[in-house]
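Q: Submitted below is the structure of interest, expressed as structure tokens.
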Amino acid sequence: MSVNTQQQGSPVVEVRNLVTYYGTRKILDDISMNVCEGEIMVIMGGSGSGKSTLLRYMLGLHRPDEGEVRLFGRDISRLGGREWQEVRRRIGVAFQGGALFNSMTVGENVRLPLREHTRLDENTMRIMSRMKLEVVNLSGFEHLMPAQLSGGMVKRAALARALVMDPEILFFDEPSAGLDPVVAADLDKLILRIRDATRVAIVVVTHELESAFEIADRITVLDRGRILMIGTVDEVRNSDNARVRNLLSRTSEDIEVDAEDYLQRLTEGAD
Amino acid sequence: MAAGVERHNGPQRLIEGVGRRFVAGVEEFGYGGTLLVESLFWLLLGRWFRQPVRLPAVAEEMMSIGVRAIPVLVILAFANGAMMAMQGIYTLRDFGAESHVVPGIAMSVVREFGVLIAGIVVAGRSGSAIAARIGTMQMAQEVDALRVMGISPVRYLVAPVLAAMLLMMPALTVLANCLAIVGGGVFSVMELHIGWVTYFDRVLAVLSSDDIAQGMIKSLVFGVLITLVATANGFSASGGAEGLGRATTRSVVLCISAIVVADMIFTFFLSR
């Protein structure tokens with residue numbers, strides 16, 4: 001269990017009043033949160049809560065409709081090409097499915113950011129990529145193709161690629177999704193070890209409660225596009241918010257039944 | 001009853017649908033344009049920004065777009081040339097003008113059919129392959145991974161294809177021209193009782209550098225069109241395996257349509 005390290009440093013990720021739409025449907029509604037240096041922030045919520053969307057906005061893959069996202073204190077929707085490039089070199093992302101490039105070996109995948117952003121010679125890049133593969137316990141697998149790896153190994157290889165530029169913020173989308181509990185628990189330990197070794201800020205998006213409680217310094221609980229609460233593991237565990245309790249006890253929300261509404265929905269559009 | 005007051009009736013819905021499609025079409029056109037501009041930017045200035053388009057990637061694309069298309073191109077071009085000779089000789093014989101078939105073959109192959117065959121072969125092979133590859137990467141979040149790594153997907157995925165197309169399409173067109181003329185020659189030599197030397201003399205006598213240039217210019221335009229249509233369809237693929245299939249099919253159909261329509265427009269202006 002990690003210690004409570006709330007608000008230990010200056011914030012590296014700041015989200016301010018973020019509102020986003022998909023078509024006309026509101027996906028995220030007035031989201032504000034920070035992630036501080038060296039902190040593990042878990043963004044937790046059920047499916048459809050908007051947690052993956054929030055991650056995509058933090059990565060600058062979409063432009064906010066309202067509000068702003070700041071990385072290292074800079075509003076990312078106002079960055080020019082080169083400044084963006086600088087910021088992107090300081091973040092690492094491990095995607096849910098790994099997103100390894102299938103036409104390259106594991107080693108080439110891990111070396112890709114080095115090859116594109118640095119002028120290191122081939123040998124140095126090889127050594128650096130092996131070091132990162134060593135960190136995620138994949139040494140000796142660098143010549144395999146991604147298709148030859150198991151699910152857990154793909155996630156660890158993706159993590160190695162995310163870490164190869166020594167980022168200051170690491171984003172990890174659903175580390176335990178699709179893995180058996182033992183492998184998932186190993187991955188949690190790996191995340192903690194990486195934080196302790198490098199003091200990198202880590203943002204993890206997950207729907208797994210156990211995993212969240214294991215690794216988090218603070219947890220942001222999302223529900224239907226809104227933040228229910230932000231707090232430490234204990235604060236979330238002891239929350240008396242009904243919706244948070246529902247999420248923790250894994251019971252689904254009571255569906256409100258309103259007779260008028262129900263009839264209206266059924267007969268809508270009928271002659 | 002009151003129901004239906006709010007709803008659009010038939011014609012209105014039709015107009016609305018046409019409008020939506022038109023807007024989507026314009027949007028796609030614009031997207032293709034930005035892909036082209038961005039690719040050219042990376043090809044020309046990438047090195048200056050220390051983000052060059054990698055030559056091995058271009059070479060790989062040249063292999064798959066150009067070199068591996070040669071066998072099927074050889075067969076199609078040869079067969080097409082022979083067909084033109086057959087049709088020409090039989091139809092012109094009625095007028096006793098079958099000797100004019102050789103200049104006819106030479107002109108139409110070099111100005112029109114060589115480049116069209118090359119375009120259709122490349123559209124069929126690479127138009128689908130490129131859309132499928134980029135579509136798969138898009139769905140596996142690999143395109144997002146490139147973006148967050150600070151690697152422009154256009155530089156990494158589109159620019160090498162564009163460069164390879166611009167280099168290989170003219171080359172394939174020259175090859176198709178030669179083979180179609182040889183194909184036409186086989187039948188003409190047998191049927192008209194002329195020698196190969198006479199045949200080639202007549203072919204070369206009618207061809208001007210303008211005719212050859214016309215084919216070359218078209219081949220470059222076709223290469224650009226195939227690149228943009230295939231990559232744009234790949235990037236906009238969504239919806240799992242079914243969506244990928246749809247994007248791939250759409251890519252091939254649009255590539256071939258774009259080529260044929262562009263060919264018509266070009267011929268209209270260039271043959272004046």
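Convention: chains lettered A, B, ... in structure tokens order; per-chain residue numbering from 1; ligands numbered from 1 as shown.
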If you count only C-alpha atoms, which residues fall within 8 Å of range 173-189 of chain B, apart from same-chain ones fewer than 5 positions away, as number ranges by chain?

A: B: 73-74, 77-86, 89, 102, 105-106, 109-110, 113-115, 117-118, 194-196, 199, 215-216, 219

Q: Report as a PyMOL selection string the set of chain A residues whose atoms approach chain B to within 10 Å, with distances computed over only C-alpha atoms.

A: chain A and resi 56+59-61+81-82+84-102+112-114+116-119+158+161-162+165+268-271

Q: Excluding Met63 in chain B and any residue of its chain fewer than 4 positions from it, enumerate the residues within 12 Å of it, using only C-alpha atoms, and give them as a list in words.

A: Pro56, Ala57, Val58, Ala59, Val67, Arg68, Ala69, Ile70, Val122, Ser126, Pro160, Val161, Ala164, Met165, Leu167 and Met168 of chain B

Q: Take the residues from that selection and write them out as an mmCIF file, in the first residue's frame, keeping N, CA and C atoms.

A:
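The resulting selection18.cif:
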```
data_model
loop_
_atom_site.group_PDB
_atom_site.id
_atom_site.type_symbol
_atom_site.label_atom_id
_atom_site.label_comp_id
_atom_site.auth_asym_id
_atom_site.auth_seq_id
_atom_site.Cartn_x
_atom_site.Cartn_y
_atom_site.Cartn_z
ATOM 1 N N PRO B 56 14.250 4.225 -46.077
ATOM 2 C CA PRO B 56 13.879 2.800 -46.121
ATOM 3 C C PRO B 56 12.368 2.597 -46.233
ATOM 4 N N ALA B 57 11.607 3.481 -45.581
ATOM 5 C CA ALA B 57 10.150 3.357 -45.669
ATOM 6 C C ALA B 57 9.687 3.613 -47.099
ATOM 7 N N VAL B 58 10.303 4.632 -47.753
ATOM 8 C CA VAL B 58 9.942 4.928 -49.143
ATOM 9 C C VAL B 58 10.286 3.729 -50.032
ATOM 10 N N ALA B 59 11.471 3.162 -49.800
ATOM 11 C CA ALA B 59 11.904 2.024 -50.619
ATOM 12 C C ALA B 59 10.949 0.847 -50.457
ATOM 13 N N VAL B 67 7.131 -2.512 -57.698
ATOM 14 C CA VAL B 67 7.821 -3.701 -58.193
ATOM 15 C C VAL B 67 6.908 -4.929 -58.166
ATOM 16 N N ARG B 68 6.150 -5.075 -57.065
ATOM 17 C CA ARG B 68 5.306 -6.280 -56.978
ATOM 18 C C ARG B 68 4.087 -6.192 -57.882
ATOM 19 N N ALA B 69 3.831 -5.009 -58.460
ATOM 20 C CA ALA B 69 2.695 -4.880 -59.374
ATOM 21 C C ALA B 69 3.085 -5.278 -60.792
ATOM 22 N N ILE B 70 4.386 -5.463 -61.023
ATOM 23 C CA ILE B 70 4.849 -5.673 -62.403
ATOM 24 C C ILE B 70 4.223 -6.897 -63.070
ATOM 25 N N VAL B 122 -2.507 -0.290 -59.875
ATOM 26 C CA VAL B 122 -2.020 0.227 -58.591
ATOM 27 C C VAL B 122 -3.191 0.524 -57.652
ATOM 28 N N SER B 126 -2.775 -1.451 -54.352
ATOM 29 C CA SER B 126 -2.312 -0.627 -53.240
ATOM 30 C C SER B 126 -3.430 0.186 -52.613
ATOM 31 N N PRO B 160 5.715 8.630 -47.158
ATOM 32 C CA PRO B 160 6.448 7.602 -47.914
ATOM 33 C C PRO B 160 5.621 7.021 -49.069
ATOM 34 N N VAL B 161 4.316 6.878 -48.856
ATOM 35 C CA VAL B 161 3.457 6.348 -49.919
ATOM 36 C C VAL B 161 3.419 7.333 -51.077
ATOM 37 N N ALA B 164 6.655 7.265 -53.005
ATOM 38 C CA ALA B 164 6.771 6.039 -53.794
ATOM 39 C C ALA B 164 5.857 6.086 -55.011
ATOM 40 N N MET B 165 4.649 6.618 -54.826
ATOM 41 C CA MET B 165 3.711 6.722 -55.947
ATOM 42 C C MET B 165 4.279 7.631 -57.031
ATOM 43 N N LEU B 167 7.241 8.262 -57.747
ATOM 44 C CA LEU B 167 8.367 7.662 -58.450
ATOM 45 C C LEU B 167 7.932 6.462 -59.284
ATOM 46 N N MET B 168 7.024 5.659 -58.753
ATOM 47 C CA MET B 168 6.711 4.396 -59.418
ATOM 48 C C MET B 168 5.647 4.524 -60.499
#
```

Q: DSSP on the backbone, then: every residue of range 1-223 of chain A marked alpha helix (DSSP H), written as a ChimeraX atom specification.

A: /A:51-58,81-89,106-117,122-135,151-163,181-198,209-215

Q: Please provide the set of residues having any atom within 12 Å of Arg246 in chain B, restricted to only C-alpha atoms, with same-chain residues fewer than 2 positions apart removed, written as a tab-separated table (two decimals) with C-alpha atoms, in the first residue's frame.

A:
```tsv
chain	number	residue	atom	x	y	z
B	128	SER	CA	-6.92	-1.54	-50.77
B	131	ALA	CA	-6.39	1.66	-46.62
B	132	ALA	CA	-6.42	-1.68	-44.78
B	135	GLY	CA	-7.28	1.41	-40.92
B	233	ASN	CA	-10.15	6.10	-46.07
B	234	GLY	CA	-7.69	4.32	-43.80
B	236	SER	CA	-11.35	7.43	-41.13
B	237	ALA	CA	-11.94	3.68	-40.69
B	238	SER	CA	-13.91	2.72	-37.62
B	239	GLY	CA	-16.17	-0.06	-36.40
B	240	GLY	CA	-14.12	-3.21	-36.15
B	241	ALA	CA	-13.53	-5.80	-38.85
B	242	GLU	CA	-16.69	-4.87	-40.71
B	243	GLY	CA	-15.74	-1.21	-40.78
B	244	LEU	CA	-12.28	-2.10	-42.02
B	248	THR	CA	-11.06	-1.01	-47.94
B	249	THR	CA	-13.80	-1.56	-50.50
B	250	ARG	CA	-14.67	2.11	-50.53
B	251	SER	CA	-11.03	2.97	-51.05
B	252	VAL	CA	-10.65	0.79	-54.13
B	253	VAL	CA	-13.92	1.92	-55.69
B	254	LEU	CA	-13.16	5.60	-55.06
```

Q: Ranking A:Ile76, A:Val15, A:Ile169, A:Leu28 by minimum distance to Ala201 in chain A and counting only C-alpha atoms, which one comes first?

A: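 Of the candidates, the smallest distance to Ala201 in chain A is held by A:Ile169.
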
Q: Which polymer residues have any atom within 7 Å of an atom of Ala216 in chain A, counting only C-alpha atoms, with same-chain residues fewer than 5 positions away left out, as a VMD selection string?

A: chain A and resid 40 to 42 233

Q: Fewer than 5 positions away in the same chain doesn't count, so skip those; otherwise give me all residues within 12 Å of range 131-133 of chain A, counting only C-alpha atoms, as number ranges by chain.

A: A: 106-111, 124-126, 138-143, 153-166, 194

Q: State, in Å with one decimal place, the distance from CA of Glu14 in chain A to CA of Gly67 in chain A.

A: 10.7 Å
